[in-house]
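Chemist: After the structure tokens below, expect a handful of questions from me.
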Amino acid sequence: MTWRRHLAWLGGLAWALGGAPSFLRAQAPDTLFAAGVRAYRSLEFDLAAWLLRRDLSKPPTAGAPIAARAEGLVYLGAADLFRGRRDSAAAVFRRLVMLDPRYRPSLLVFPPEVTNLYDGVRLQTKTVVVVLPRDTTIVPGPGAFGIWIIASSFQLVDVTLRYEDGAPFRPLYSGPIGDSLNVPWDGLDAAGGLPAINRVVLRVASRAPTGELAGIVQVPLDLRLSRPDTLPLPPPPADAQLLPERARSGAAKRAVTGGALLSGVVVLLPAVVGGTDTQSGPRVAVAATVGLAGLLGYVLHRPGRPLAANVRANQALRDAWKQRVATTTAENARRRRDVRVAVRANEPTAIQPRGP
Amino acid sequence: MRLRLGRLALALAALGAGELRAQTLRPTLSASLVRARVRSEAPAVDQFSGSAFLGEGTLAMRRLQLTASYLQGTLNSDDAFGASRDLVEGTVLLGVRTLDWLTLEAGPHARAYTLAGGTQRWIFWELRARAATAFVGSAVRGYAALWRVVAADVNVPESFDHAQGGEAGMILRLARAPLEGRLGYRIDHAVLGGGTRLETVDGVVIGVGVVWH
């Protein structure tokens, strides 16, 4: 009777997969998983195991949630357990622990036989999952970059950063881990300098308490240093901006020639306007005073005389330029110190040791 | 003739009228002592000399300026037995600064001598050209002016022939105060009756002025 029912199920399923329209075939994975869960709930564990194993045998699509695969595995493991295949169930649960060490079967859905077996497998399986920000920028320094490691069970871990060829770049942590551990990285290499390479590999090696290597998780990290652009130094004052610091000959010549010309005009004014018999004494006195003023002007504006006001103005201009240079230099020094490291985490890979 | 002078003054005003908009007035006041000397040949020669007070004021607005002056003093005859005469002069000139250093002015120039027998009045309508520029830094400016009488009204027997005059000197401006000092020489020469009467007034001007910038 039971095998007839199984046969009917399989016939219906074959129709569903082979004869159904193409839009139904597109939903086949969901259908297999759902059919498997329904079979499990109907206590048809063989059918459930067959459907779920078929579902899980399909390569995971990119971006498929881990939770969906984890659900499939826990139902498959439970189905195998109830089929009397305990080893197979343990193997399925081991796959589940490797996939997601944080996963715990629902106590409301699965009976204690299942959860106990799962917990037993989890305690024996030493693996970790590494949680990193996908893309971040850090300022190198203590605690700049946090690496969150979640363990399936108590174990020993070696957390190291390595060159791509496997050579050690920077050891980060070596020791026990219970449930989870936050391992900080300051963004620097072993010598305390900025990383001179573009890629390192974060490697977390899990070991059993006995020291036996249980597995390795590696996450390639792309590194990129970013330094703010420095400012150009301000140019010194152009010659056109500076005032002459020595008197030129123009003002002195102007004083002498102007005084002489004006003196001549004063002296010759009566002749120009036609005045006759005017007293020359007062006129000559005025002309002489004007001429004297011109000579005095020549002395005051003699060529090469230091122009104190211009010297002060130029000095103020140069001081302001020096101040700007000092400010820019300090700002550039600050910017050179302000180095940031962009860290991009790639897809992790897990390596399992070959069994004996 | 007066009508033509009036038109000339109006033309000068029109030249500067464009500058009137929203400009600030720059007044200048000065007081001077003039050591004046008057020589009159008609044909006998009479010479007078003495000190006179000269007050001048200028109101400038960009290129347009209005200048008024008043001079008063008593001149004594150089002849020991001659009588003294009071001299009063006044001018009102409207000018336009056509170049930075050149100003053209026009206006009346009145002069009166108070004599024992009455008052001798001279009214000149003058056209002036005045050049001024700094020649010792910006502190000392030299100036020279020439004027020509284009019309006159004189209450003397001789008919007016022609007259012209000039002034030259320097103005010292203080850098940190709105004060200026002035030293100049001026002369007027008038010819009447075809040369039968010559009138020459000259003098040295020493003054102090106040300038508002």
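Residues are referred to by chain and number: the chain letter is A, B, ... according to the order shown in the structure tokens, the number counts from 1 in that chain, and ligands are numbered separately from 1 in the order shown.
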Identify, on the basis of only C-alpha atoms, every residue whose closest approach to segment 139-149 of chain B does not exceed 7 Å; exclude the query and any residue fewer than 3 positions from it along the same chain; express the result as a tab-separated table (two decimals) with N, CA and C atoms, in the first residue's frame.

Modeler:
chain	number	residue	atom	x	y	z
A	262	LEU	N	59.04	126.88	-12.48
A	262	LEU	CA	58.11	127.78	-11.79
A	262	LEU	C	58.81	129.07	-11.38
B	124	PHE	N	36.26	144.40	-14.72
B	124	PHE	CA	36.85	143.60	-15.79
B	124	PHE	C	36.06	142.31	-15.95
B	125	TRP	N	35.86	141.92	-17.19
B	125	TRP	CA	35.34	140.56	-17.46
B	125	TRP	C	36.52	139.75	-17.99
B	126	GLU	N	36.85	138.74	-17.22
B	126	GLU	CA	38.12	138.06	-17.48
B	126	GLU	C	37.91	136.62	-17.94
B	127	LEU	N	38.87	136.18	-18.69
B	127	LEU	CA	38.96	134.77	-19.08
B	127	LEU	C	40.32	134.27	-18.60
B	128	ARG	N	40.27	133.23	-17.76
B	128	ARG	CA	41.52	132.80	-17.12
B	128	ARG	C	41.85	131.35	-17.49
B	129	ALA	N	43.15	131.08	-17.52
B	129	ALA	CA	43.63	129.69	-17.64
B	129	ALA	C	44.59	129.46	-16.49
B	130	ARG	N	44.36	128.36	-15.75
B	130	ARG	CA	45.19	128.11	-14.57
B	130	ARG	C	45.70	126.67	-14.64
B	131	ALA	N	47.02	126.54	-14.53
B	131	ALA	CA	47.64	125.21	-14.54
B	131	ALA	C	48.23	124.96	-13.16
B	132	ALA	N	48.05	123.74	-12.67
B	132	ALA	CA	48.59	123.39	-11.36
B	132	ALA	C	48.96	121.91	-11.34
B	133	THR	N	50.11	121.63	-10.77
B	133	THR	CA	50.53	120.23	-10.63
B	133	THR	C	51.56	120.13	-9.51
B	134	ALA	N	51.65	118.94	-8.94
B	134	ALA	CA	52.61	118.73	-7.87
B	134	ALA	C	53.99	118.55	-8.46
B	135	PHE	N	54.97	119.13	-7.81
B	135	PHE	CA	56.34	118.94	-8.31
B	135	PHE	C	57.30	118.49	-7.22
B	136	VAL	N	56.92	118.56	-5.96
B	136	VAL	CA	57.74	117.95	-4.90
B	136	VAL	C	56.84	116.92	-4.22
B	162	HIS	N	43.22	147.49	-23.28
B	162	HIS	CA	43.31	146.05	-23.00
B	162	HIS	C	43.98	145.85	-21.65
B	163	ALA	N	43.82	144.62	-21.13
B	163	ALA	CA	44.45	144.31	-19.84
B	163	ALA	C	44.66	142.80	-19.75
B	164	GLN	N	45.68	142.42	-19.03
B	164	GLN	CA	45.93	141.01	-18.76
B	164	GLN	C	46.71	140.90	-17.45
B	165	GLY	N	46.77	139.71	-16.97
B	165	GLY	CA	47.48	139.51	-15.71
B	165	GLY	C	47.92	138.07	-15.56
B	166	GLY	N	48.58	137.82	-14.45
B	166	GLY	CA	49.04	136.46	-14.20
B	166	GLY	C	49.42	136.28	-12.75
B	167	GLU	N	49.54	135.02	-12.37
B	167	GLU	CA	49.95	134.70	-11.01
B	167	GLU	C	50.67	133.37	-11.05
B	168	ALA	N	51.72	133.26	-10.26
B	168	ALA	CA	52.45	131.99	-10.18
B	168	ALA	C	52.96	131.83	-8.76
B	169	GLY	N	53.07	130.58	-8.36
B	169	GLY	CA	53.54	130.34	-7.00
B	169	GLY	C	53.44	128.87	-6.66
B	170	MET	N	53.43	128.61	-5.37
B	170	MET	CA	53.35	127.21	-4.93
B	170	MET	C	52.46	127.10	-3.71
B	171	ILE	N	51.90	125.91	-3.55
B	171	ILE	CA	51.02	125.62	-2.41
B	171	ILE	C	51.56	124.39	-1.70
B	172	LEU	N	51.82	124.54	-0.42
B	172	LEU	CA	52.33	123.42	0.38
B	172	LEU	C	51.18	122.83	1.17
B	173	ARG	N	50.93	121.57	0.94
B	173	ARG	CA	49.83	120.90	1.65
B	173	ARG	C	50.41	119.99	2.73
B	174	LEU	N	49.84	120.11	3.91
B	174	LEU	CA	50.29	119.25	5.01
B	174	LEU	C	49.62	117.89	4.87

Chemist: Please identify all polymer residues within 10 Å of Gly120 of chain A, counting only C-alpha atoms, omitting same-chain residues fewer than 6 positions from it, and present them as a PyMOL selection string.

Modeler: chain A and resi 90+93-94+114

Chemist: Could you write out as number ranges by chain the residues of chain A within 10 Å of chain B, counting only C-alpha atoms?

Modeler: A: 251-259, 261-267, 269-270, 272-279, 282-287, 289-290, 293-298, 300-301

Chemist: Dump N, CA and C atoms for the selected residues as a tab-separated table (two decimals), in the first residue's frame?

Modeler:
chain	number	residue	atom	x	y	z
A	251	ALA	N	61.05	111.43	-9.27
A	251	ALA	CA	60.52	112.44	-8.35
A	251	ALA	C	61.55	113.54	-8.11
A	252	ALA	N	62.83	113.16	-8.01
A	252	ALA	CA	63.87	114.15	-7.77
A	252	ALA	C	64.01	115.10	-8.97
A	253	LYS	N	64.01	114.50	-10.16
A	253	LYS	CA	64.12	115.34	-11.36
A	253	LYS	C	62.93	116.27	-11.48
A	254	ARG	N	61.77	115.73	-11.14
A	254	ARG	CA	60.54	116.53	-11.25
A	254	ARG	C	60.60	117.71	-10.29
A	255	ALA	N	61.14	117.46	-9.10
A	255	ALA	CA	61.22	118.55	-8.12
A	255	ALA	C	62.15	119.66	-8.64
A	256	VAL	N	63.31	119.26	-9.16
A	256	VAL	CA	64.28	120.26	-9.61
A	256	VAL	C	63.75	121.02	-10.83
A	257	THR	N	63.29	120.26	-11.81
A	257	THR	CA	62.83	120.93	-13.03
A	257	THR	C	61.57	121.74	-12.78
A	258	GLY	N	60.67	121.19	-11.94
A	258	GLY	CA	59.44	121.92	-11.63
A	258	GLY	C	59.75	123.22	-10.90
A	259	GLY	N	60.66	123.14	-9.91
A	259	GLY	CA	61.03	124.34	-9.17
A	259	GLY	C	61.67	125.38	-10.07
A	261	LEU	N	61.41	125.68	-13.35
A	261	LEU	CA	60.44	126.20	-14.32
A	261	LEU	C	59.51	127.22	-13.66
A	262	LEU	N	59.04	126.88	-12.48
A	262	LEU	CA	58.11	127.78	-11.79
A	262	LEU	C	58.81	129.07	-11.38
A	263	SER	N	60.06	128.95	-10.97
A	263	SER	CA	60.83	130.16	-10.64
A	263	SER	C	60.95	131.07	-11.86
A	264	GLY	N	61.22	130.45	-12.97
A	264	GLY	CA	61.32	131.23	-14.19
A	264	GLY	C	60.02	131.93	-14.54
A	265	VAL	N	58.91	131.21	-14.36
A	265	VAL	CA	57.61	131.82	-14.65
A	265	VAL	C	57.38	133.03	-13.75
A	266	VAL	N	57.72	132.89	-12.47
A	266	VAL	CA	57.52	134.01	-11.54
A	266	VAL	C	58.37	135.21	-11.96
A	267	VAL	N	59.60	134.91	-12.32
A	267	VAL	CA	60.50	136.02	-12.68
A	267	VAL	C	60.03	136.69	-13.97
A	269	LEU	N	56.99	136.73	-15.25
A	269	LEU	CA	55.56	137.05	-15.34
A	269	LEU	C	55.29	138.51	-15.76
A	270	PRO	N	55.98	139.51	-15.20
A	270	PRO	CA	55.72	140.90	-15.65
A	270	PRO	C	55.98	141.08	-17.14
A	272	VAL	N	55.65	138.88	-19.38
A	272	VAL	CA	54.60	138.18	-20.14
A	272	VAL	C	53.34	139.02	-20.20
A	273	VAL	N	52.95	139.62	-19.08
A	273	VAL	CA	51.68	140.36	-19.06
A	273	VAL	C	51.88	141.83	-19.44
A	274	GLY	N	53.12	142.26	-19.62
A	274	GLY	CA	53.34	143.61	-20.09
A	274	GLY	C	53.54	144.63	-19.00
A	275	GLY	N	53.71	144.22	-17.78
A	275	GLY	CA	53.93	145.15	-16.69
A	275	GLY	C	55.29	145.81	-16.81
A	276	THR	N	55.38	147.03	-16.42
A	276	THR	CA	56.65	147.75	-16.54
A	276	THR	C	57.02	148.32	-15.18
A	277	ASP	N	58.28	148.42	-14.99
A	277	ASP	CA	58.81	149.05	-13.79
A	277	ASP	C	58.26	148.44	-12.51
A	278	THR	N	58.15	147.18	-12.48
A	278	THR	CA	57.72	146.53	-11.24
A	278	THR	C	58.94	146.26	-10.38
A	279	GLN	N	58.70	146.22	-9.09
A	279	GLN	CA	59.81	145.91	-8.18
A	279	GLN	C	60.21	144.44	-8.35
A	282	PRO	N	60.52	141.56	-4.41
A	282	PRO	CA	59.55	140.57	-3.93
A	282	PRO	C	59.38	139.40	-4.90
A	283	ARG	N	59.41	139.75	-6.19
A	283	ARG	CA	59.22	138.69	-7.19
A	283	ARG	C	60.36	137.68	-7.16
A	284	VAL	N	61.58	138.22	-7.07
A	284	VAL	CA	62.73	137.32	-7.02
A	284	VAL	C	62.73	136.50	-5.73
A	285	ALA	N	62.25	137.12	-4.66
A	285	ALA	CA	62.18	136.37	-3.40
A	285	ALA	C	61.23	135.18	-3.54
A	286	VAL	N	60.09	135.45	-4.18
A	286	VAL	CA	59.15	134.35	-4.39
A	286	VAL	C	59.78	133.29	-5.29
A	287	ALA	N	60.42	133.73	-6.38
A	287	ALA	CA	61.04	132.78	-7.31
A	287	ALA	C	62.13	131.98	-6.60
A	289	THR	N	62.31	131.28	-3.42
A	289	THR	CA	61.69	130.32	-2.49
A	289	THR	C	61.17	129.10	-3.22
A	290	VAL	N	60.55	129.37	-4.38
A	290	VAL	CA	60.05	128.24	-5.17
A	290	VAL	C	61.20	127.36	-5.63
A	293	ALA	N	62.44	125.33	-2.82
A	293	ALA	CA	61.54	124.19	-2.55
A	293	ALA	C	61.84	123.05	-3.51
A	294	GLY	N	62.15	123.40	-4.77
A	294	GLY	CA	62.49	122.36	-5.73
A	294	GLY	C	63.76	121.62	-5.34
A	295	LEU	N	64.77	122.39	-4.89
A	295	LEU	CA	66.02	121.75	-4.45
A	295	LEU	C	65.79	120.88	-3.22
A	296	LEU	N	65.00	121.41	-2.30
A	296	LEU	CA	64.68	120.62	-1.11
A	296	LEU	C	63.96	119.33	-1.51
A	297	GLY	N	63.06	119.47	-2.48
A	297	GLY	CA	62.36	118.28	-2.98
A	297	GLY	C	63.32	117.28	-3.59
A	298	TYR	N	64.35	117.79	-4.26
A	298	TYR	CA	65.35	116.88	-4.84
A	298	TYR	C	66.07	116.11	-3.73
A	300	LEU	N	64.95	115.53	-0.70
A	300	LEU	CA	64.03	114.59	-0.04
A	300	LEU	C	63.73	113.38	-0.91
A	301	HIS	N	63.71	113.56	-2.22
A	301	HIS	CA	63.38	112.46	-3.12
A	301	HIS	C	64.58	112.02	-3.94

Chemist: Work out how far atom CA of Gly250 of chain A is from atom CA of Val311 of chain A, in Å to one decimal.

Modeler: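 Taking atom CA of Val311 of chain A and atom CA of Gly250 of chain A, their separation equals 18.7 Å.
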
Chemist: Find the distance between atom CA of Asp78 of chain B and atom CA of Val34 of chain B and write it in Å to one decimal.

Modeler: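 We find that atom CA of Asp78 of chain B and atom CA of Val34 of chain B lie 17.1 Å from each other.
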
Chemist: Tell me, which residues of segment 51-250 of chain A carry DSSP strand (DSSP E), written as a PyMOL selection string?

Modeler: chain A and resi 128-131+135-138+145-151+155-162+168-177+180-185+199-207+213-226

Chemist: Determine, counting only C-alpha atoms, which protein, DNA and RNA residues have an atom within 7 Å of an atom of Arg305 of chain A; residues of the same chain fewer than 2 positions away are not included. Present the result as a PDB file with N, CA and C atoms, in the first residue's frame.

Modeler:
ATOM      1  N   ARG A 246      63.507 101.637  -3.108  1.00  0.00           N
ATOM      2  CA  ARG A 246      64.438 102.751  -3.268  1.00  0.00           C
ATOM      3  C   ARG A 246      63.813 103.775  -4.194  1.00  0.00           C
ATOM      4  N   ALA A 247      64.004 105.031  -3.843  1.00  0.00           N
ATOM      5  CA  ALA A 247      63.413 106.098  -4.659  1.00  0.00           C
ATOM      6  C   ALA A 247      64.046 106.097  -6.046  1.00  0.00           C
ATOM      7  N   HIS A 301      63.711 113.562  -2.218  1.00  0.00           N
ATOM      8  CA  HIS A 301      63.377 112.460  -3.123  1.00  0.00           C
ATOM      9  C   HIS A 301      64.576 112.017  -3.935  1.00  0.00           C
ATOM     10  N   ARG A 302      65.765 112.166  -3.371  1.00  0.00           N
ATOM     11  CA  ARG A 302      66.968 111.844  -4.123  1.00  0.00           C
ATOM     12  C   ARG A 302      66.941 110.369  -4.546  1.00  0.00           C
ATOM     13  N   PRO A 303      67.493 110.090  -5.698  1.00  0.00           N
ATOM     14  CA  PRO A 303      67.465 108.703  -6.191  1.00  0.00           C
ATOM     15  C   PRO A 303      68.199 107.758  -5.239  1.00  0.00           C
ATOM     16  N   LEU A 307      62.791 103.944   0.823  1.00  0.00           N
ATOM     17  CA  LEU A 307      61.400 104.347   1.021  1.00  0.00           C
ATOM     18  C   LEU A 307      60.823 103.476   2.144  1.00  0.00           C
TER      19      LEU A 307
END

Chemist: Among segment 11-205 of chain B, which residues does DSSP mark as helix (DSSP H, G or I) when it is run on the backbone? Keep the chain and numbering as in the structure and answer as a PyMOL selection string.

Modeler: chain B and resi 11-17+193-195

Chemist: In Å, how far is it from atom CA of Asp46 of chain A to atom CA of Asp80 of chain A?

Modeler: 7.8 Å

Chemist: Mind checking which residues fall within 12 Å of Pro228 of chain A, counting only C-alpha atoms, ignoring those fewer than 5 positions away in the same chain, and posting them as a ChimeraX atom specification?

Modeler: /A:331-341

Chemist: Could you list, as an mmCIF file with C-alpha atoms, in the first residue's frame, every residue within 12 Å of segment 136-147 of chain A, counting only C-alpha atoms and ignoring same-chain residues fewer than 3 positions away?

Modeler:
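File produced: around_37.cif:
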data_model
loop_
_atom_site.group_PDB
_atom_site.id
_atom_site.type_symbol
_atom_site.label_atom_id
_atom_site.label_comp_id
_atom_site.auth_asym_id
_atom_site.auth_seq_id
_atom_site.Cartn_x
_atom_site.Cartn_y
_atom_site.Cartn_z
ATOM 1 C CA VAL A 129 32.313 31.859 9.966
ATOM 2 C CA VAL A 130 33.989 35.232 9.478
ATOM 3 C CA VAL A 131 31.811 38.316 9.458
ATOM 4 C CA LEU A 132 33.386 41.383 7.863
ATOM 5 C CA PRO A 133 32.120 44.631 6.457
ATOM 6 C CA ILE A 150 31.673 33.056 15.056
ATOM 7 C CA VAL A 159 43.778 34.304 12.922
ATOM 8 C CA THR A 160 46.430 35.645 10.586
ATOM 9 C CA LEU A 161 46.754 37.956 7.655
ATOM 10 C CA LEU A 172 46.267 38.751 14.759
ATOM 11 C CA TYR A 173 45.127 36.163 17.281
ATOM 12 C CA SER A 180 32.307 34.307 19.018
ATOM 13 C CA LEU A 181 35.299 36.599 19.080
ATOM 14 C CA ASN A 182 36.062 40.056 17.814
ATOM 15 C CA VAL A 183 39.638 40.249 16.492
ATOM 16 C CA PRO A 184 40.829 43.793 15.850
ATOM 17 C CA TRP A 185 43.325 44.816 13.165
ATOM 18 C CA ASP A 186 44.948 48.203 13.234
ATOM 19 C CA GLY A 187 45.379 48.332 9.462
ATOM 20 C CA LEU A 188 49.190 48.072 9.694
ATOM 21 C CA ASP A 189 51.701 45.385 8.855
ATOM 22 C CA GLY A 192 53.725 48.854 12.234
ATOM 23 C CA GLY A 193 53.887 50.393 8.785
ATOM 24 C CA LEU A 194 51.198 50.969 6.244
ATOM 25 C CA PRO A 195 50.572 47.941 4.046
ATOM 26 C CA LEU A 202 42.610 36.711 6.170
ATOM 27 C CA ARG A 203 43.036 33.134 7.288
ATOM 28 C CA VAL A 204 41.253 31.598 10.256
ATOM 29 C CA VAL A 219 38.839 35.757 3.051
ATOM 30 C CA LEU A 221 40.985 41.420 1.439
ATOM 31 C CA ASP A 222 41.674 44.071 -1.175
ATOM 32 C CA LEU A 223 43.544 47.032 0.312
ATOM 33 C CA ARG A 224 43.836 50.494 -1.108
ATOM 34 C CA LEU A 225 45.638 53.381 0.534
ATOM 35 C CA SER A 226 44.103 56.783 0.064
ATOM 36 C CA ARG A 227 45.921 59.958 0.935
ATOM 37 C CA ARG A 337 49.357 61.788 8.281
ATOM 38 C CA ASP A 338 45.700 61.383 7.465
ATOM 39 C CA VAL A 339 46.123 58.151 5.501
ATOM 40 C CA ARG A 340 43.113 55.894 5.138
ATOM 41 C CA VAL A 341 42.946 52.284 4.093
ATOM 42 C CA ALA A 342 40.022 51.087 2.044
ATOM 43 C CA VAL A 343 39.317 47.407 2.758
ATOM 44 C CA ARG A 344 37.136 45.336 0.494
ATOM 45 C CA ALA A 345 36.291 41.800 1.577
#

Chemist: Would you please work out which residue, of A:Asp158, A:Glu44, A:Asp319, A:Asp239, is nearest to Gly215 of chain A when using only C-alpha atoms?

Modeler: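 Among A:Asp158, A:Glu44, A:Asp319, A:Asp239, it is A:Asp158 that comes nearest to Gly215 of chain A.
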
Chemist: Write out as a count of residues only each polymer residue whose atoms come within 8 Å of segment 99-113 of chain A, counting only C-alpha atoms; drop sequence neighbours fewer than 5 positions from it.

Modeler: 12

Chemist: Please provide the set of residues having any atom within 8 Å of Val208 of chain B, restricted to only C-alpha atoms, with same-chain residues fewer than 5 positions apart removed, written as a list in words.

Modeler: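 Listed by chain and then number, they are Ser30, Ala31, Ser32, Leu179, Glu180, Gly181 and Arg182 of chain B.
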